[in-house]
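Structure record follows, encoded as structure tokens.
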Amino acid sequence: MTRIVTSTQLKQKTGEILAYAIENKEEVIIQRYDVPKAVIVDYDAYQRMREAQRELDFRRIREIAETVSARAAHLSDEELDEMIFAAIEDIRHDLLFERLRRAAERVSARAADLSEVERANLVSSAIAETRAERRAG
């Protein structure tokens with residue numbers, strides 16, 4: 001059964017909560033102000049999720065390649081290059097959009113009680129984190 005804890009409970013009982021997730025092979029949802037913000041899962045489950053995401057990404061790339069291949073039979077090299085470039089740009093756009101969405105969530109979660117200057121600093125920080133994710137990913 002999925003367990004839900006507050007961020008305060010996590011601070012107070014980190015070891016117990018980690019042990020629960022690991023021993024029971026169940027996720028623990030961390031809430032802040034009654035809003036889910038994170039999930040703790042055991043490492044094997046995390047690896048399975050990452051592998052499933054990779055499989056989805058590769059499947060999408062294969063589908064794009066098959067579509068391009070089917071259409072490419074009658075295309076010139078220039079038209080083929082344009083299609084490939086468009087497919088790559090679509091994938092980049094989707095990845096960037098997802099990173100920006102996560103950055104916006106981080107800013108939103110942190111910005112509730114901040115001044116304008118603090119919000120501006122937080123946005124700058126989120127942008128820097130997004131850039132770092134992009135370089136790492």
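Letters A, B, ... go to the chains of the structure tokens in the order shown; residues in each chain start at 1; ligands are counted from 1 in the same order.
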*Near segment 44-54 of chain A, counting only C-alpha atoms, which residues have an atom at most 12 Å away, once you skip same-chain residues fewer than 5 positions from it, shown as a PyMOL selection string?*
chain A and resi 21-27+39+59-61
*Where does DSSP see alpha helix (DSSP H) in segment 14-90 of chain A, if you list the residues as number ranges by chain?*
A: 14-24, 43-72, 77-90
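One finds atom CA of Arg131 of chain A at 12.5 Å from atom CA of Glu98 of chain A.
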Segment 25-102 of chain A near segment 1-19 of chain A within 8 Å: what's each residue's closest atom pair and its distance in Å to one decimal, counting only C-alpha atoms, ordered by chain then ascending residue number, as JSON lines?
{"residue": "A:Glu26", "atom": "CA", "partner": "A:Thr2", "partner_atom": "CA", "distance": 6.1}
{"residue": "A:Glu27", "atom": "CA", "partner": "A:Thr2", "partner_atom": "CA", "distance": 5.6}
{"residue": "A:Val28", "atom": "CA", "partner": "A:Arg3", "partner_atom": "CA", "distance": 4.8}
{"residue": "A:Ile29", "atom": "CA", "partner": "A:Ile4", "partner_atom": "CA", "distance": 4.7}
{"residue": "A:Ile30", "atom": "CA", "partner": "A:Val5", "partner_atom": "CA", "distance": 5.2}
{"residue": "A:Gln31", "atom": "CA", "partner": "A:Thr6", "partner_atom": "CA", "distance": 4.7}
{"residue": "A:Arg32", "atom": "CA", "partner": "A:Ser7", "partner_atom": "CA", "distance": 5.6}
{"residue": "A:Tyr33", "atom": "CA", "partner": "A:Thr6", "partner_atom": "CA", "distance": 7.9}
{"residue": "A:Asp34", "atom": "CA", "partner": "A:Thr6", "partner_atom": "CA", "distance": 7.7}
{"residue": "A:Ile40", "atom": "CA", "partner": "A:Leu18", "partner_atom": "CA", "distance": 7.5}
_Proximity to Phe97 of chain A - best of A:Ser76, A:Ser124, A:Thr130, A:Ser115, only C-alpha atoms_ = A:Thr130
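Of note, atom CA of Leu122 of chain A and atom CA of Val35 of chain A are spaced 19.9 Å apart.
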*Find the residue from A:Ala87, A:Ile127, A:Ala104, A:Leu75 that sits nearest to Arg62 of chain A; use only C-alpha atoms when measuring.*
A:Ala87
*Please, which residues of segment 18-117 of chain A, numbered as in this document, come out strand (DSSP E or B) from DSSP, as a ChimeraX atom specification?*
/A:28-32,35-40
